[in-house]
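Novice: Below is a structure I'd like to ask you about.
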Amino acid sequence: MGLELWRSDIAMGELQDGYLSDSAAFSSVAEVLQRVAKSRDMITESDREQYDQLLKIVTPTRKKNLDEEVLLVTALKALTGVVTRISSTFHYSLLNNVFSMWIWNYGLEARNALLELITNLAVVPDKFLENCLDMLVRNFRPPEWLWAHINQPRWHVEKKMIYGQLHEALRAITYLVPLAPFKLKGILDVRMPKHHSKKEEIIYFVECMLGLEIDEVGVYLGNTLLQMVVDLLVDLDVNISWDDILKEDHNKGIFDMELEDLEDNTKHSADGVETSGRKGYDADNGVASKNASKLDALMVIVCEHINSSAHYGCLVKVCETLLESFRKTVLNAYKSKFSQFVMFYACSLDPEICGLKFAILLTDIFVSKAEDPISRMSAVAYLSSYLSRARFISSATVASIVRRLVEWCHDYCNSHSDCKNINPSHHRLFYAGCQAMMYILCFRMRLMMDIPQLRSILFHMPLEEILSHPLDPLKVCLPTIVQEFLRQAKAAYLIKKPILTILQNDLLESEFSKSFGGIERLDMFFPFDPYLLKESDRFMRPNFEFWSMVRKTYNNYNSDEEFEDLDQDSADEAGNDENDDVDVSYGDDDELGHSMNKMSITPRTVYEFGMAQGNIRISSKMPARIRPSVSPM
């Protein structure tokens, strides 16, 4: 069935039940376009009426009945056959209608006809490329009327089909027009939703856009797409305050959200079963932030994309893009709380390549004199939090990185042997390195001590020389971290008692502990603290080490199953081991999986290896109520 009869002089052989055949319709459309391709005052009234009728058929209105959609399909196909005759000057209204259409409003045949027209218009030299690309990118998200229905089963399938059609059209255009990828980048940048955009607009747009990355179009666009999404994640992230996330008193530290305060943070269901008391934003709570909900949903989309990339064998490429984005955007982002977990999740899918590259990148930034101090301190904060929390990173890798940190700190001590006074702001890099080293060991010391080769490495580290240096890092670093580190180090005989005796009475918080972090408070920045976004938490939780799950050296350390009654003599023997140059392979597997199954998740409330003398009481918590984390400016 073709277009309705427009002219009275058409031969009867061209009619089919009062309609034009398709071939006659194509010819008629071409003639109409030609007759109005002139000055307005030269167009006859009859020609104007026929052109207006074409505009009524090719209109971006939402609702069309079956006959109207059939006419639309025929008109679109007819226009496709005569794209070279379409003029941006004389047919502006027609082009405006075409470029304003939502493919979501039509059935499959109409969508195919419309996208075929758009593809053919795009390849017309020097005319419609940008308009066609903009029309396709605008359709990355459905129109607002559809948002309330898009989650229905029928639309779930339809949405994937429409995404595929859009990707196919863009693939054809980028193949036929070499300039298209360059133009597409600019249009994506303009059309990319912002943090203040509606949640649905963000989610549907990004979901469709990321689909291009694993498509052939992604080859032309390089790493642009994922970098744009990371920028949006950070933009959303920094516009969330902790008041938007925490439902209760925000003066409590992030560690209070873990199970370390079991009595406070554990709820009991009616049948007496314990459930996790971790808190997060509540979508039904007035305190909850719209930005938090947007970020949570967007994190789900991005993590699903990363998982799909792994399935298609593209994870290494994705990780390279994420590493670059992290270096440029995330590392020094102000108040970044969750966007960095995209990197965490990607590393968890490929610990041996992506996970190791991330750790090495952070270490290299910290030790590099070419980097600015803020970037170096931020990098070592990320490094310490990452190695502490990432269950997928082997103990051998952790030991190698810790040894590198210790060596840097030791070299710093040697080059500042004449320093007699504590100056936290001047030596902030040194204190950041020392705190990172101790923080990592608080989480990983026990696992490393359980492996003879790594235990030997630990005992050969010049920890005592660093900690007893006149710069006095134990007095400047955060007391909660210092306390926990010393407690575990004493239980493992890693540090001799004379140092502990000297420092026992100096563990209370001092003015120094707040100084070296600067106004950015990098001393209290632990970027991979427990993840508090509800929907996307499922991607992080399986590979995340909560403090309550950590095996400490002072908990049943000398049991028969564990260390075979390690005492001071055996510790000395480990320290005098001839194997001083142990080469730790990054690919070595430790006994983490087996060890995790044996650990107790209930924190001990009794200070079993008391270090404090007199009235000073050292907390058994690690490191509680020291912030919510904030990232550097």
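Following the order of the structure tokens, chains are lettered A, B, ..., residues in each are numbered from 1, and ligands are numbered from 1.
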Excluding His167 in chain A and any residue of its chain fewer than 5 positions from it, enumerate the residues within 8 Å of it, using only C-alpha atoms, and give them as a list in words.
Specialist: Gly211, Leu212, Asp215 and Val217 of chain A
Novice: With distances taken over only C-alpha atoms, which residue among A:Val230, A:Ala30, A:Leu295, A:Met449 lies nearest Ala78 in chain A?
Specialist: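 Between A:Val230, A:Ala30, A:Leu295, A:Met449, the residue approaching Ala78 in chain A most closely is A:Ala30.
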Novice: Under the rule that only C-alpha atoms are counted, which of A:Leu429, A:Ser336, A:Ile353, A:Arg541 is the nearest residue to Ile374 in chain A?
Specialist: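 Looking at the shortest contact to Ile374 in chain A, the residue is A:Leu429.
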Novice: Identify all residues of range 364-523 of chain A in alpha helix (DSSP H) (DSSP on the backbone) and supply them as a PyMOL selection string.
Specialist: chain A and resi 364-367+373-389+395-415+428-449+452-460+463-467+473-476+479-491+497-503
Novice: One decimal, in Å: what's the spacing between CA of Ser388 in chain A and CA of Tyr439 in chain A?
Specialist: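 If I compute the distance from CA of Ser388 in chain A to CA of Tyr439 in chain A, I get 7.4 Å.
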Novice: Skip range 236-239 of chain A itself and residues of its chain fewer than 2 positions away, then list as a PyMOL selection string all residues within 9 Å of it, counting only C-alpha atoms.
Specialist: chain A and resi 194-196+231-234+241+291-292+294-295+333-339
Novice: Can you spit out the residues from that selection as a PDB file, in the first residue's frame, using N, CA and C atoms?
Specialist:
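Contents of part.pdb, as written:
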```pdb
ATOM      1  N   LYS A 194      24.306  15.410  32.481  1.00  0.00           N
ATOM      2  CA  LYS A 194      25.090  16.012  33.554  1.00  0.00           C
ATOM      3  C   LYS A 194      24.569  15.502  34.905  1.00  0.00           C
ATOM      4  N   HIS A 195      25.265  15.864  35.967  1.00  0.00           N
ATOM      5  CA  HIS A 195      24.875  15.340  37.279  1.00  0.00           C
ATOM      6  C   HIS A 195      23.479  15.792  37.685  1.00  0.00           C
ATOM      7  N   HIS A 196      23.027  16.909  37.149  1.00  0.00           N
ATOM      8  CA  HIS A 196      21.698  17.417  37.497  1.00  0.00           C
ATOM      9  C   HIS A 196      20.606  16.849  36.588  1.00  0.00           C
ATOM     10  N   ASP A 231      33.991  10.400  34.037  1.00  0.00           N
ATOM     11  CA  ASP A 231      33.853  11.819  34.383  1.00  0.00           C
ATOM     12  C   ASP A 231      32.487  12.104  34.989  1.00  0.00           C
ATOM     13  N   LEU A 232      31.454  11.486  34.438  1.00  0.00           N
ATOM     14  CA  LEU A 232      30.107  11.667  34.977  1.00  0.00           C
ATOM     15  C   LEU A 232      29.988  11.049  36.363  1.00  0.00           C
ATOM     16  N   LEU A 233      30.591   9.870  36.560  1.00  0.00           N
ATOM     17  CA  LEU A 233      30.586   9.243  37.881  1.00  0.00           C
ATOM     18  C   LEU A 233      31.209  10.164  38.926  1.00  0.00           C
ATOM     19  N   VAL A 234      32.350  10.730  38.593  1.00  0.00           N
ATOM     20  CA  VAL A 234      33.028  11.628  39.533  1.00  0.00           C
ATOM     21  C   VAL A 234      32.195  12.873  39.773  1.00  0.00           C
ATOM     22  N   SER A 241      27.099  14.580  49.525  1.00  0.00           N
ATOM     23  CA  SER A 241      27.713  14.757  50.840  1.00  0.00           C
ATOM     24  C   SER A 241      27.445  13.509  51.666  1.00  0.00           C
ATOM     25  N   ASN A 291      21.281  12.425  43.939  1.00  0.00           N
ATOM     26  CA  ASN A 291      22.566  12.131  43.304  1.00  0.00           C
ATOM     27  C   ASN A 291      23.094  10.771  43.731  1.00  0.00           C
ATOM     28  N   ALA A 292      22.868  10.397  44.984  1.00  0.00           N
ATOM     29  CA  ALA A 292      23.311   9.087  45.452  1.00  0.00           C
ATOM     30  C   ALA A 292      22.579   7.982  44.709  1.00  0.00           C
ATOM     31  N   LYS A 294      21.215   8.252  41.716  1.00  0.00           N
ATOM     32  CA  LYS A 294      21.714   8.267  40.328  1.00  0.00           C
ATOM     33  C   LYS A 294      23.053   7.544  40.238  1.00  0.00           C
ATOM     34  N   LEU A 295      23.946   7.868  41.166  1.00  0.00           N
ATOM     35  CA  LEU A 295      25.272   7.265  41.148  1.00  0.00           C
ATOM     36  C   LEU A 295      25.195   5.762  41.340  1.00  0.00           C
ATOM     37  N   ALA A 333      40.410  13.930  42.681  1.00  0.00           N
ATOM     38  CA  ALA A 333      39.052  14.459  42.765  1.00  0.00           C
ATOM     39  C   ALA A 333      38.728  14.819  44.204  1.00  0.00           C
ATOM     40  N   TYR A 334      38.000  15.891  44.372  1.00  0.00           N
ATOM     41  CA  TYR A 334      37.658  16.363  45.710  1.00  0.00           C
ATOM     42  C   TYR A 334      36.454  15.592  46.241  1.00  0.00           C
ATOM     43  N   LYS A 335      36.623  14.962  47.376  1.00  0.00           N
ATOM     44  CA  LYS A 335      35.544  14.235  48.049  1.00  0.00           C
ATOM     45  C   LYS A 335      34.992  13.077  47.215  1.00  0.00           C
ATOM     46  N   SER A 336      35.857  12.371  46.532  1.00  0.00           N
ATOM     47  CA  SER A 336      35.422  11.177  45.814  1.00  0.00           C
ATOM     48  C   SER A 336      35.172  10.059  46.819  1.00  0.00           C
ATOM     49  N   LYS A 337      33.991   9.464  46.768  1.00  0.00           N
ATOM     50  CA  LYS A 337      33.614   8.465  47.756  1.00  0.00           C
ATOM     51  C   LYS A 337      33.357   7.081  47.162  1.00  0.00           C
ATOM     52  N   PHE A 338      32.845   7.044  45.924  1.00  0.00           N
ATOM     53  CA  PHE A 338      32.429   5.763  45.363  1.00  0.00           C
ATOM     54  C   PHE A 338      32.915   5.514  43.942  1.00  0.00           C
ATOM     55  N   SER A 339      33.162   6.544  43.172  1.00  0.00           N
ATOM     56  CA  SER A 339      33.505   6.345  41.765  1.00  0.00           C
ATOM     57  C   SER A 339      34.779   5.529  41.585  1.00  0.00           C
TER      58      SER A 339
END
```
Novice: Between A:Arg191, A:His149, A:Arg327, A:Lys160, which residue has the minimum interatomic distance to Met135 in chain A, considering only C-alpha atoms?
Specialist: A:Arg191
Novice: Any idea what's packed within 9 Å of Glu116 in chain A, counting only C-alpha atoms, ignoring anything in its chain fewer than 4 positions away? Could you give it as a PyMOL selection string?
Specialist: chain A and resi 76-77+80+111-112+120-121+169
Novice: Would you save the residues of that selection, restricted to N, CA and C atoms, as an mmCIF file, in the first residue's frame?
Specialist:
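Written out: out.cif:
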```
data_model
loop_
_atom_site.group_PDB
_atom_site.id
_atom_site.type_symbol
_atom_site.label_atom_id
_atom_site.label_comp_id
_atom_site.auth_asym_id
_atom_site.auth_seq_id
_atom_site.Cartn_x
_atom_site.Cartn_y
_atom_site.Cartn_z
ATOM 1 N N LEU A 76 8.983 7.436 4.172
ATOM 2 C CA LEU A 76 10.395 7.393 4.557
ATOM 3 C C LEU A 76 11.227 6.650 3.517
ATOM 4 N N LYS A 77 10.680 5.557 3.008
ATOM 5 C CA LYS A 77 11.402 4.817 1.969
ATOM 6 C C LYS A 77 11.522 5.646 0.699
ATOM 7 N N THR A 80 14.202 8.151 1.184
ATOM 8 C CA THR A 80 15.518 7.510 1.125
ATOM 9 C C THR A 80 15.997 7.390 -0.310
ATOM 10 N N ARG A 111 10.862 1.897 12.257
ATOM 11 C CA ARG A 111 12.199 2.221 12.778
ATOM 12 C C ARG A 111 13.275 1.929 11.734
ATOM 13 N N ASN A 112 13.133 0.778 11.078
ATOM 14 C CA ASN A 112 14.118 0.429 10.054
ATOM 15 C C ASN A 112 14.111 1.436 8.912
ATOM 16 N N ASN A 120 21.328 7.206 4.990
ATOM 17 C CA ASN A 120 21.541 7.723 3.641
ATOM 18 C C ASN A 120 21.712 9.232 3.629
ATOM 19 N N LEU A 121 21.010 9.934 4.485
ATOM 20 C CA LEU A 121 21.202 11.382 4.589
ATOM 21 C C LEU A 121 22.617 11.705 5.067
ATOM 22 N N ALA A 169 23.161 1.582 12.864
ATOM 23 C CA ALA A 169 23.147 2.792 12.036
ATOM 24 C C ALA A 169 24.443 3.579 12.196
#
```
Novice: CA of Ala110 in chain A to CA of Val73 in chain A: how many Å, to one decimal?
Specialist: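 Going from CA of Ala110 in chain A over to CA of Val73 in chain A covers 5.2 Å.
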Novice: So what do you get for CA of Pro452 in chain A versus CA of Val406 in chain A, distance-wise?
Specialist: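 Distance reported for this atom pair: 19.3 Å.
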Novice: For a quick check of understanding, using only C-alpha atoms, which of A:Ile103, A:Arg391, A:Cys347, A:Lys56 has the smallest distance to Pro542 in chain A?
Specialist: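 Of A:Ile103, A:Arg391, A:Cys347, A:Lys56, the one nearest Pro542 in chain A is A:Arg391, counting only C-alpha atoms.
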Novice: I want to know what sits within 8 Å of Leu356 in chain A, based on only C-alpha atoms, with residues of the same chain fewer than 3 positions away left out; could you give that as a PyMOL selection string?
Specialist: chain A and resi 347+351-353+359-360+393+397+586
Novice: Please produce a file of the residues just selected, as an mmCIF file, in the first residue's frame, where the atoms kept are N, CA and C atoms.
Specialist:
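Saved as part.cif:
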```
data_model
loop_
_atom_site.group_PDB
_atom_site.id
_atom_site.type_symbol
_atom_site.label_atom_id
_atom_site.label_comp_id
_atom_site.auth_asym_id
_atom_site.auth_seq_id
_atom_site.Cartn_x
_atom_site.Cartn_y
_atom_site.Cartn_z
ATOM 1 N N CYS A 347 39.585 -4.481 38.604
ATOM 2 C CA CYS A 347 40.760 -5.216 39.078
ATOM 3 C C CYS A 347 40.378 -6.575 39.649
ATOM 4 N N PRO A 351 42.860 -9.957 38.594
ATOM 5 C CA PRO A 351 43.852 -9.527 39.583
ATOM 6 C C PRO A 351 45.285 -9.576 39.076
ATOM 7 N N GLU A 352 45.613 -10.567 38.256
ATOM 8 C CA GLU A 352 47.001 -10.764 37.857
ATOM 9 C C GLU A 352 47.501 -9.709 36.882
ATOM 10 N N ILE A 353 46.590 -9.112 36.114
ATOM 11 C CA ILE A 353 47.015 -8.080 35.168
ATOM 12 C C ILE A 353 46.508 -6.708 35.618
ATOM 13 N N ALA A 359 48.064 -1.416 41.316
ATOM 14 C CA ALA A 359 48.941 -1.288 42.486
ATOM 15 C C ALA A 359 50.292 -0.680 42.104
ATOM 16 N N ILE A 360 50.835 -1.105 40.988
ATOM 17 C CA ILE A 360 52.132 -0.578 40.548
ATOM 18 C C ILE A 360 52.013 0.890 40.153
ATOM 19 N N ILE A 393 43.926 -9.631 45.861
ATOM 20 C CA ILE A 393 45.354 -9.378 45.702
ATOM 21 C C ILE A 393 46.128 -10.348 46.600
ATOM 22 N N THR A 397 52.046 -10.273 46.434
ATOM 23 C CA THR A 397 52.011 -8.935 45.842
ATOM 24 C C THR A 397 52.032 -7.872 46.913
ATOM 25 N N TYR A 586 54.777 -11.825 41.546
ATOM 26 C CA TYR A 586 53.440 -11.250 41.648
ATOM 27 C C TYR A 586 52.356 -12.257 41.347
#
```
Novice: Tell me, as a PyMOL selection string, which residues lie within 9 Å of Ser375 in chain A, counting only C-alpha atoms; anything in the same chain fewer than 6 positions away does not count.
Specialist: chain A and resi 331-332+365-366+632
Novice: Go through A:Thr480, A:Val367, A:Leu454, A:Leu184 and flag the residue nearest Leu133 in chain A, using only C-alpha atoms for the distances.
Specialist: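 Smallest distance to Leu133 in chain A is found for A:Leu184.
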Novice: Let me make sure I understand: among A:Phe90, A:Tyr204, A:Tyr175, A:Trp408, which one has the smallest atom-to-atom distance to Glu216 in chain A if we use only C-alpha atoms?
Specialist: A:Tyr175
